[in-house]
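Next comes final_36.cif, a file with mmCIF, C-alpha atoms.
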data_structure
#
loop_
_atom_site.label_atom_id
_atom_site.label_comp_id
_atom_site.auth_asym_id
_atom_site.auth_seq_id
_atom_site.Cartn_x
_atom_site.Cartn_y
_atom_site.Cartn_z
CA MET A 1 12.34 8.47 45.36
CA GLY A 2 10.52 11.11 43.39
CA TRP A 3 9.72 11.13 39.68
CA PHE A 4 10.72 14.00 37.45
CA LYS A 5 8.86 15.08 34.38
CA ARG A 6 10.48 17.14 31.59
CA LEU A 7 8.40 20.26 31.18
CA LYS A 8 10.38 21.71 28.28
CA ASP A 9 12.05 20.30 25.21
CA GLY A 10 15.82 19.86 25.30
CA ILE A 11 18.14 22.72 24.49
CA ILE A 12 17.97 23.61 20.84
CA THR A 13 21.13 24.90 19.19
CA SER A 14 20.90 27.04 16.13
CA THR A 15 22.73 25.42 13.20
CA LYS A 16 22.02 27.97 10.53
CA ASP A 17 25.42 29.63 11.02
CA LYS A 18 27.35 26.35 11.34
CA LYS A 19 30.06 26.09 8.71
CA GLU A 20 29.80 22.78 6.90
CA ALA A 21 32.83 21.24 5.18
CA PRO A 22 32.49 21.99 1.46
CA ASP A 23 31.74 19.05 -0.83
CA GLY A 24 34.85 17.63 -2.42
CA LEU A 25 37.19 18.70 0.38
CA TRP A 26 37.62 15.30 2.05
CA TYR A 27 38.10 11.76 0.77
CA LYS A 28 37.33 8.65 2.81
CA CYS A 29 39.45 5.70 1.66
CA LYS A 30 37.38 2.67 0.61
CA GLU A 31 40.21 0.38 1.68
CA CYS A 32 41.30 1.59 5.14
CA LYS A 33 38.32 3.94 5.83
CA GLU A 34 40.70 6.75 6.86
CA ALA A 35 39.88 10.31 5.83
CA THR A 36 42.29 12.60 4.03
CA THR A 37 41.95 15.91 2.22
CA MET A 38 41.46 15.90 -1.54
CA LYS A 39 44.53 18.13 -1.77
CA GLU A 40 46.69 15.52 0.00
CA LEU A 41 45.22 12.79 -2.18
CA LYS A 42 45.99 14.62 -5.42
CA GLU A 43 49.51 15.52 -4.32
CA ASN A 44 50.07 11.83 -3.55
CA PHE A 45 49.21 10.77 -7.13
CA HIS A 46 45.59 10.06 -6.13
CA LYS A 47 46.70 7.40 -3.65
CA CYS A 48 45.60 7.11 -0.03
CA PRO A 49 48.46 8.53 2.12
CA LYS A 50 47.57 6.02 4.87
CA CYS A 51 47.39 2.66 3.01
CA ASN A 52 48.54 3.50 -0.56
CA HIS A 53 45.20 2.44 -2.07
CA HIS A 54 45.11 3.60 -5.71
CA VAL A 55 41.91 5.60 -6.21
CA ARG A 56 40.28 5.31 -9.64
CA ILE A 57 41.19 8.28 -11.82
CA GLY A 58 40.39 9.37 -15.35
CA SER A 59 42.28 9.75 -18.61
CA HIS A 60 43.27 13.38 -18.06
CA ASP A 61 44.66 12.54 -14.60
CA TYR A 62 46.95 9.95 -16.20
CA PHE A 63 47.99 12.45 -18.87
CA ASP A 64 48.94 14.89 -16.10
CA ILE A 65 51.05 12.21 -14.40
CA ILE A 66 52.82 10.87 -17.49
CA PHE A 67 53.27 13.69 -20.00
CA ASP A 68 55.95 16.35 -19.56
CA ASP A 69 54.61 19.62 -18.08
CA ASN A 70 51.04 18.21 -18.25
CA LYS A 71 51.01 19.08 -21.97
CA PHE A 72 49.37 16.92 -24.63
CA LYS A 73 47.40 17.17 -27.86
CA GLU A 74 44.08 15.34 -27.95
CA LEU A 75 43.52 13.22 -31.04
CA PHE A 76 40.22 12.11 -32.62
CA GLY A 77 38.16 14.00 -30.06
CA ASP A 78 35.38 14.61 -32.59
CA LEU A 79 34.32 10.93 -32.71
CA VAL A 80 31.06 10.25 -30.84
CA SER A 81 28.87 7.16 -30.39
CA GLU A 82 25.44 6.91 -31.98
CA ASP A 83 22.40 4.83 -31.08
CA PHE A 84 22.28 3.13 -34.48
CA LEU A 85 20.40 0.10 -33.09
CA GLN A 86 17.74 2.22 -31.32
CA PHE A 87 18.58 0.18 -28.21
CA THR A 88 16.45 0.52 -25.08
CA ASP A 89 16.73 -1.20 -21.71
CA LEU A 90 15.64 0.81 -18.67
CA LYS A 91 16.00 3.88 -20.88
CA PRO A 92 17.12 4.56 -24.47
CA TYR A 93 20.85 4.31 -25.23
CA SER A 94 20.65 7.75 -26.84
CA GLU A 95 19.63 9.20 -23.45
CA ARG A 96 22.44 7.33 -21.68
CA LEU A 97 24.95 8.86 -24.08
CA ILE A 98 23.65 12.38 -23.45
CA ALA A 99 23.70 11.84 -19.67
CA ALA A 100 27.24 10.41 -19.75
CA LYS A 101 28.54 13.36 -21.78
CA GLU A 102 26.94 15.88 -19.41
CA LYS A 103 28.20 14.07 -16.31
CA THR A 104 31.79 13.55 -17.47
CA SER A 105 32.44 16.29 -20.07
CA LEU A 106 33.88 13.48 -22.21
CA THR A 107 32.77 12.36 -25.67
CA ASP A 108 33.25 8.64 -24.97
CA ALA A 109 34.95 6.08 -22.72
CA ILE A 110 38.45 6.62 -24.15
CA THR A 111 40.61 9.69 -24.78
CA VAL A 112 43.70 9.68 -27.00
CA GLY A 113 46.52 12.09 -26.27
CA GLU A 114 49.94 12.70 -27.85
CA GLY A 115 52.69 14.22 -25.75
CA LYS A 116 56.27 13.94 -24.56
CA VAL A 117 57.73 11.73 -21.84
CA ASP A 118 61.19 12.99 -20.89
CA GLY A 119 61.32 14.63 -24.30
CA ARG A 120 60.26 11.58 -26.35
CA THR A 121 56.91 11.25 -28.13
CA LEU A 122 54.29 8.85 -26.77
CA VAL A 123 50.66 8.29 -27.77
CA ILE A 124 48.35 7.27 -24.91
CA ALA A 125 44.80 5.96 -25.28
CA ALA A 126 43.33 6.11 -21.75
CA MET A 127 39.92 4.74 -20.76
CA ASP A 128 37.46 6.46 -18.42
CA PHE A 129 35.32 4.27 -16.17
CA SER A 130 33.03 7.20 -15.41
CA PHE A 131 31.66 7.08 -18.99
CA ILE A 132 29.15 4.17 -18.99
CA GLY A 133 31.49 2.00 -16.95
CA GLY A 134 34.39 2.42 -19.37
CA SER A 135 32.50 0.17 -21.77
CA MET A 136 34.02 -0.64 -25.15
CA GLY A 137 31.80 0.53 -27.98
CA SER A 138 32.50 1.24 -31.64
CA VAL A 139 34.09 4.63 -30.87
CA VAL A 140 36.53 3.08 -28.38
CA GLY A 141 37.61 0.55 -31.01
CA GLU A 142 37.86 3.19 -33.72
CA LYS A 143 39.92 5.58 -31.57
CA ILE A 144 42.37 2.78 -30.73
CA SER A 145 42.60 1.84 -34.42
CA LEU A 146 43.23 5.45 -35.47
CA ALA A 147 45.79 5.84 -32.66
CA ILE A 148 47.64 2.79 -34.02
CA ASP A 149 47.63 4.27 -37.54
CA HIS A 150 48.95 7.53 -36.10
CA CYS A 151 51.73 5.73 -34.22
CA MET A 152 52.80 3.94 -37.39
CA LEU A 153 52.81 7.26 -39.24
CA ILE A 154 54.94 9.16 -36.72
CA LYS A 155 56.94 6.11 -35.54
CA ALA A 156 55.99 6.59 -31.87
CA PRO A 157 55.13 3.95 -29.25
CA LEU A 158 51.54 3.40 -28.12
CA MET A 159 50.31 3.00 -24.54
CA ILE A 160 46.76 1.95 -23.72
CA ILE A 161 45.48 2.47 -20.18
CA SER A 162 42.60 0.06 -19.66
CA LYS A 163 39.81 0.67 -17.15
CA SER A 164 36.64 -1.03 -18.27
CA GLY A 165 33.63 -3.13 -17.40
CA GLY A 166 33.84 -4.79 -20.82
CA ALA A 167 31.95 -4.55 -24.10
CA ARG A 168 29.10 -2.02 -24.37
CA MET A 169 25.98 -4.17 -24.54
CA MET A 170 23.91 -1.32 -26.02
CA GLU A 171 25.89 -1.70 -29.26
CA SER A 172 25.51 -5.49 -29.37
CA ALA A 173 27.66 -7.22 -32.04
CA PHE A 174 29.14 -3.87 -33.11
CA SER A 175 30.80 -3.70 -29.70
CA LEU A 176 32.04 -7.30 -29.83
CA MET A 177 33.56 -6.64 -33.26
CA GLN A 178 35.96 -4.17 -31.64
CA MET A 179 37.80 -7.10 -30.01
CA ALA A 180 38.83 -8.50 -33.39
CA LYS A 181 39.34 -5.05 -34.91
CA THR A 182 41.74 -3.77 -32.23
CA SER A 183 43.62 -7.09 -32.12
CA ALA A 184 44.13 -7.03 -35.89
CA LYS A 185 45.35 -3.42 -35.79
CA LEU A 186 47.81 -4.25 -32.99
CA SER A 187 49.28 -7.02 -35.15
CA GLN A 188 49.94 -4.34 -37.81
CA LEU A 189 51.68 -2.23 -35.18
CA ALA A 190 53.84 -5.20 -34.19
CA LYS A 191 54.80 -5.88 -37.81
CA ALA A 192 55.83 -2.24 -38.11
CA GLY A 193 58.19 -2.77 -35.16
CA ILE A 194 56.51 -0.16 -32.98
CA PRO A 195 56.15 -1.00 -29.27
CA TYR A 196 52.81 -1.21 -27.48
CA PHE A 197 52.58 -0.90 -23.69
CA SER A 198 49.41 -2.21 -22.07
CA PHE A 199 48.73 -0.74 -18.64
CA MET A 200 45.84 -2.31 -16.72
CA THR A 201 44.06 -0.46 -13.92
CA ASP A 202 41.08 -1.18 -11.69
CA PRO A 203 38.94 -2.69 -13.17
CA THR A 204 40.00 -4.28 -16.46
CA THR A 205 37.40 -6.88 -17.39
CA GLY A 206 35.33 -8.48 -20.14
CA GLY A 207 36.04 -7.98 -23.83
CA VAL A 208 38.78 -5.43 -23.11
CA THR A 209 40.80 -8.05 -21.20
CA ALA A 210 40.01 -10.58 -23.94
CA SER A 211 41.49 -8.32 -26.62
CA PHE A 212 43.83 -5.33 -26.58
CA ALA A 213 44.53 -5.22 -22.82
CA MET A 214 46.44 -8.53 -22.87
CA LEU A 215 48.27 -8.02 -26.16
CA GLY A 216 51.01 -5.61 -25.12
CA ASP A 217 54.70 -6.09 -25.80
CA ILE A 218 54.74 -5.26 -22.09
CA ASN A 219 51.69 -5.97 -19.92
CA PHE A 220 51.76 -4.23 -16.54
CA ALA A 221 49.29 -2.99 -13.95
CA GLU A 222 48.62 -0.90 -10.88
CA PRO A 223 48.67 -2.56 -7.45
CA LYS A 224 45.55 -4.51 -6.40
CA ALA A 225 43.73 -3.85 -9.67
CA LEU A 226 40.87 -6.20 -10.58
CA ILE A 227 41.82 -7.87 -13.87
CA GLY A 228 39.87 -10.70 -15.45
CA PHE A 229 37.25 -11.74 -17.98
CA ALA A 230 34.13 -12.84 -16.09
CA GLY A 231 33.55 -11.67 -12.53
CA PRO A 232 34.65 -13.86 -9.62
CA ARG A 233 31.04 -14.57 -8.56
CA VAL A 234 30.16 -15.90 -12.04
CA ILE A 235 33.29 -18.06 -12.15
CA LYS A 236 32.65 -19.47 -8.68
CA GLU A 237 29.06 -20.38 -9.60
CA THR A 238 30.25 -21.99 -12.85
CA ILE A 239 33.06 -24.16 -11.51
CA LYS A 240 31.37 -24.78 -8.13
CA LYS A 241 34.62 -24.22 -6.25
CA ASP A 242 36.01 -21.57 -3.93
CA LEU A 243 38.48 -19.27 -5.67
CA PRO A 244 42.08 -18.77 -4.45
CA GLU A 245 42.77 -15.80 -2.19
CA GLY A 246 43.54 -12.67 -4.18
CA PHE A 247 42.06 -14.18 -7.35
CA GLN A 248 41.98 -11.72 -10.29
CA THR A 249 44.14 -9.11 -8.55
CA SER A 250 47.19 -7.79 -10.40
CA GLU A 251 49.41 -9.49 -7.77
CA PHE A 252 47.76 -12.86 -8.53
CA LEU A 253 48.22 -12.35 -12.28
CA LEU A 254 51.86 -11.37 -11.82
CA GLU A 255 52.51 -14.53 -9.81
CA HIS A 256 50.92 -16.66 -12.54
CA GLY A 257 52.76 -15.06 -15.45
CA PHE A 258 50.08 -12.86 -16.98
CA LEU A 259 51.84 -9.58 -16.13
CA ASP A 260 55.42 -8.44 -16.57
CA PHE A 261 55.40 -6.21 -13.50
CA ILE A 262 53.28 -4.03 -11.21
CA VAL A 263 54.04 -0.34 -10.88
CA ASP A 264 53.01 2.14 -8.21
CA ARG A 265 51.40 5.24 -9.72
CA GLU A 266 54.12 7.41 -8.20
CA GLY A 267 56.75 5.64 -10.31
CA LEU A 268 54.61 5.33 -13.45
CA LYS A 269 56.20 8.09 -15.51
CA ALA A 270 59.74 6.90 -14.76
CA LYS A 271 58.81 3.32 -15.69
CA VAL A 272 57.17 4.39 -18.96
CA SER A 273 60.25 6.49 -19.78
CA ASP A 274 62.46 3.44 -19.15
CA LEU A 275 60.29 1.32 -21.46
CA ILE A 276 60.52 3.88 -24.28
CA SER A 277 64.33 3.95 -23.88
CA PHE A 278 64.58 0.16 -23.76
CA PHE A 279 62.59 -0.39 -26.95
CA LYS A 280 64.26 2.48 -28.76
CA ASN A 281 67.68 0.93 -28.09
#

How does the structure come out when it is put into structure tokens?
Amino acid sequence: MGWFKRLKDGIITSTKDKKEAPDGLWYKCKECKEATTMKELKENFHKCPKCNHHVRIGSHDYFDIIFDDNKFKELFGDLVSEDFLQFTDLKPYSERLIAAKEKTSLTDAITVGEGKVDGRTLVIAAMDFSFIGGSMGSVVGEKISLAIDHCMLIKAPLMIISKSGGARMMESAFSLMQMAKTSAKLSQLAKAGIPYFSFMTDPTTGGVTASFAMLGDINFAEPKALIGFAGPRVIKETIKKDLPEGFQTSEFLLEHGFLDFIVDREGLKAKVSDLISFFKN
């Protein structure tokens, strides 16, 4: 049997004219790993058409879903965080703020919008995880407080959409103070007889869960959202026990009485409209 020696390199194919798929055209689901077009995903309320996994979306996406004709008026958009503690970890907080604003085109981790839902006024304060992990700083607390004052003034219900990693450590005690501040303001809203709907999405954790996220007249969530205070790894290491299956998912919380119901994003606007009608009557 003879031996053969390759005298030339393998066939080389020119790739300079190959048409690559443009960035942002396809989405690969983190849950089922199936690919779908971004167009299909958006038309399906940013849910995977294959497994119904709810992809994380931002405040303006929720406004588009909930408000009539995608119309709303942004409130308190001029409020911005400052590095008043001159805080530095791997880099200065002031630089993190600049980078977050450039990356997201947002001023902070929450946006407040006023619009109509089936013709009735609703104020929504929606968090954005893309802005420093949706962390709760002084501006987040102040925007929620001002939104509550506005709701009491115009006699309109408030909805907060939580999506947060917790308190913003770069603002230290000033961030933790927002837990007490928002809770106190929500008690004023309750005394005024104005409903507050708390909608929890993936993830809702830390000081946000420990304050305004769990104080709604109605507490509800998206399917399979992570909701809790400390992370499951920290809890497991603390109590030295394995955690129940599905621990800290919205389904687990519903089963144990922490949520009133879970709503698919496709039915979110209809459910919010029903809540407004129920409390108005």

Which polymer residues have any atom within 8 Å of an atom of range 182-184 of chain A, counting all atoms listed in the file, with same-chain residues fewer than 3 positions away left out, as a list in words?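 So the residues in contact are Gly141, Ile144, Ser145, Gln178, Met179, Ser187, Gln188, Ser211, Phe212 and Leu215 of chain A.
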
Let me know the residues the PyMOL selection byres ((chain A and resi 217-231) around 8) catches in the file above, as number ranges by chain. A: 54, 195-207, 209-210, 213-216, 232-235, 248-251, 253, 258-265

Rounded to one decimal in Å, what is the spacing between CA of Asn70 in chain A and CA of Val117 in chain A?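 Interatomic distance here is 10.0 Å.
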
Shell of 9 Å around range 96-104 of chain A, all atoms listed in the file, local chain residues under 5 positions omitted, as number ranges by chain: A: 81-83, 91, 130-132

Could those selected residues go to a file with C-alpha atoms, as a PDB file, in the coordinates of the input?
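Okay, part_11.pdb is ready:
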ATOM      1  CA  SER A  81      28.870   7.160 -30.390  1.00  0.00           C
ATOM      2  CA  GLU A  82      25.440   6.910 -31.980  1.00  0.00           C
ATOM      3  CA  ASP A  83      22.400   4.830 -31.080  1.00  0.00           C
ATOM      4  CA  LYS A  91      16.000   3.880 -20.880  1.00  0.00           C
ATOM      5  CA  SER A 130      33.030   7.200 -15.410  1.00  0.00           C
ATOM      6  CA  PHE A 131      31.660   7.080 -18.990  1.00  0.00           C
ATOM      7  CA  ILE A 132      29.150   4.170 -18.990  1.00  0.00           C
TER       8      ILE A 132
END

Pick from A:Met38, A:Ala167, A:Ile66, A:Ile239 nearest to Gly113 in chain A, counting only C-alpha atoms: A:Ile66

Give me the residues near Tyr27 in chain A as a ChimeraX atom specification, where near means some atom within 8 Å (using only C-alpha atoms) and where sequence neighbours in that chain fewer than 2 positions away do not count. /A:24-25,29,35-38,41

Suppose a student applies the PyMOL selection byres ((chain A and resi 67) around 9) to this structure; what residues should they get, written as a VMD selection string? chain A and resid 62 to 66 68 to 72 114 to 118 122 269

For CA of Ala109 in chain A and CA of Asp78 in chain A, quote the distance in Å rounded to one decimal.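 Interatomic distance, CA of Ala109 in chain A to CA of Asp78 in chain A: 13.1 Å.
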
Care to translate the PyMOL selection byres ((chain A and resi 151) around 12) into actual residues of this file, as a ChimeraX atom specification? /A:75,112-114,121-125,144-150,152-159,185-186,188-190,192-196

Restricting the output to C-alpha atoms, write the selected residues as a tab-separated table (two decimals), in the frame of the given file.
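File again28.tsv, as written:
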chain	number	residue	atom	x	y	z
A	75	LEU	CA	43.52	13.22	-31.04
A	112	VAL	CA	43.70	9.68	-27.00
A	113	GLY	CA	46.52	12.09	-26.27
A	114	GLU	CA	49.94	12.70	-27.85
A	121	THR	CA	56.91	11.25	-28.13
A	122	LEU	CA	54.29	8.85	-26.77
A	123	VAL	CA	50.66	8.29	-27.77
A	124	ILE	CA	48.35	7.27	-24.91
A	125	ALA	CA	44.80	5.96	-25.28
A	144	ILE	CA	42.37	2.78	-30.73
A	145	SER	CA	42.60	1.84	-34.42
A	146	LEU	CA	43.23	5.45	-35.47
A	147	ALA	CA	45.79	5.84	-32.66
A	148	ILE	CA	47.64	2.79	-34.02
A	149	ASP	CA	47.63	4.27	-37.54
A	150	HIS	CA	48.95	7.53	-36.10
A	152	MET	CA	52.80	3.94	-37.39
A	153	LEU	CA	52.81	7.26	-39.24
A	154	ILE	CA	54.94	9.16	-36.72
A	155	LYS	CA	56.94	6.11	-35.54
A	156	ALA	CA	55.99	6.59	-31.87
A	157	PRO	CA	55.13	3.95	-29.25
A	158	LEU	CA	51.54	3.40	-28.12
A	159	MET	CA	50.31	3.00	-24.54
A	185	LYS	CA	45.35	-3.42	-35.79
A	186	LEU	CA	47.81	-4.25	-32.99
A	188	GLN	CA	49.94	-4.34	-37.81
A	189	LEU	CA	51.68	-2.23	-35.18
A	190	ALA	CA	53.84	-5.20	-34.19
A	192	ALA	CA	55.83	-2.24	-38.11
A	193	GLY	CA	58.19	-2.77	-35.16
A	194	ILE	CA	56.51	-0.16	-32.98
A	195	PRO	CA	56.15	-1.00	-29.27
A	196	TYR	CA	52.81	-1.21	-27.48

Please work out which residues fall within 12 Å of (46.0, 8.7, -0.6), coordinates as given in the file, with all atoms listed in the file counting, and return them as a VMD selection string. chain A and resid 26 to 56 265 to 266

What does the distance between CA of His256 in chain A and CA of Pro244 in chain A come to in Å, to one decimal place?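 A separation of 12.2 Å between them.
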
Choose the residue, out of A:Phe129, A:Tyr93, A:Phe84, A:Phe76, that has the smallest atom-to-atom separation from Gly58 in chain A; count all atoms listed in the file.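 Looking only at the distances to Gly58 in chain A, the closest residue turns out to be A:Phe129.
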
Can you pull out every residue within 9 Å of Leu85 in chain A, counting all atoms listed in the file, but drop anything in the same chain fewer than 5 positions away, and send it as a PyMOL selection string? chain A and resi 93+170-172
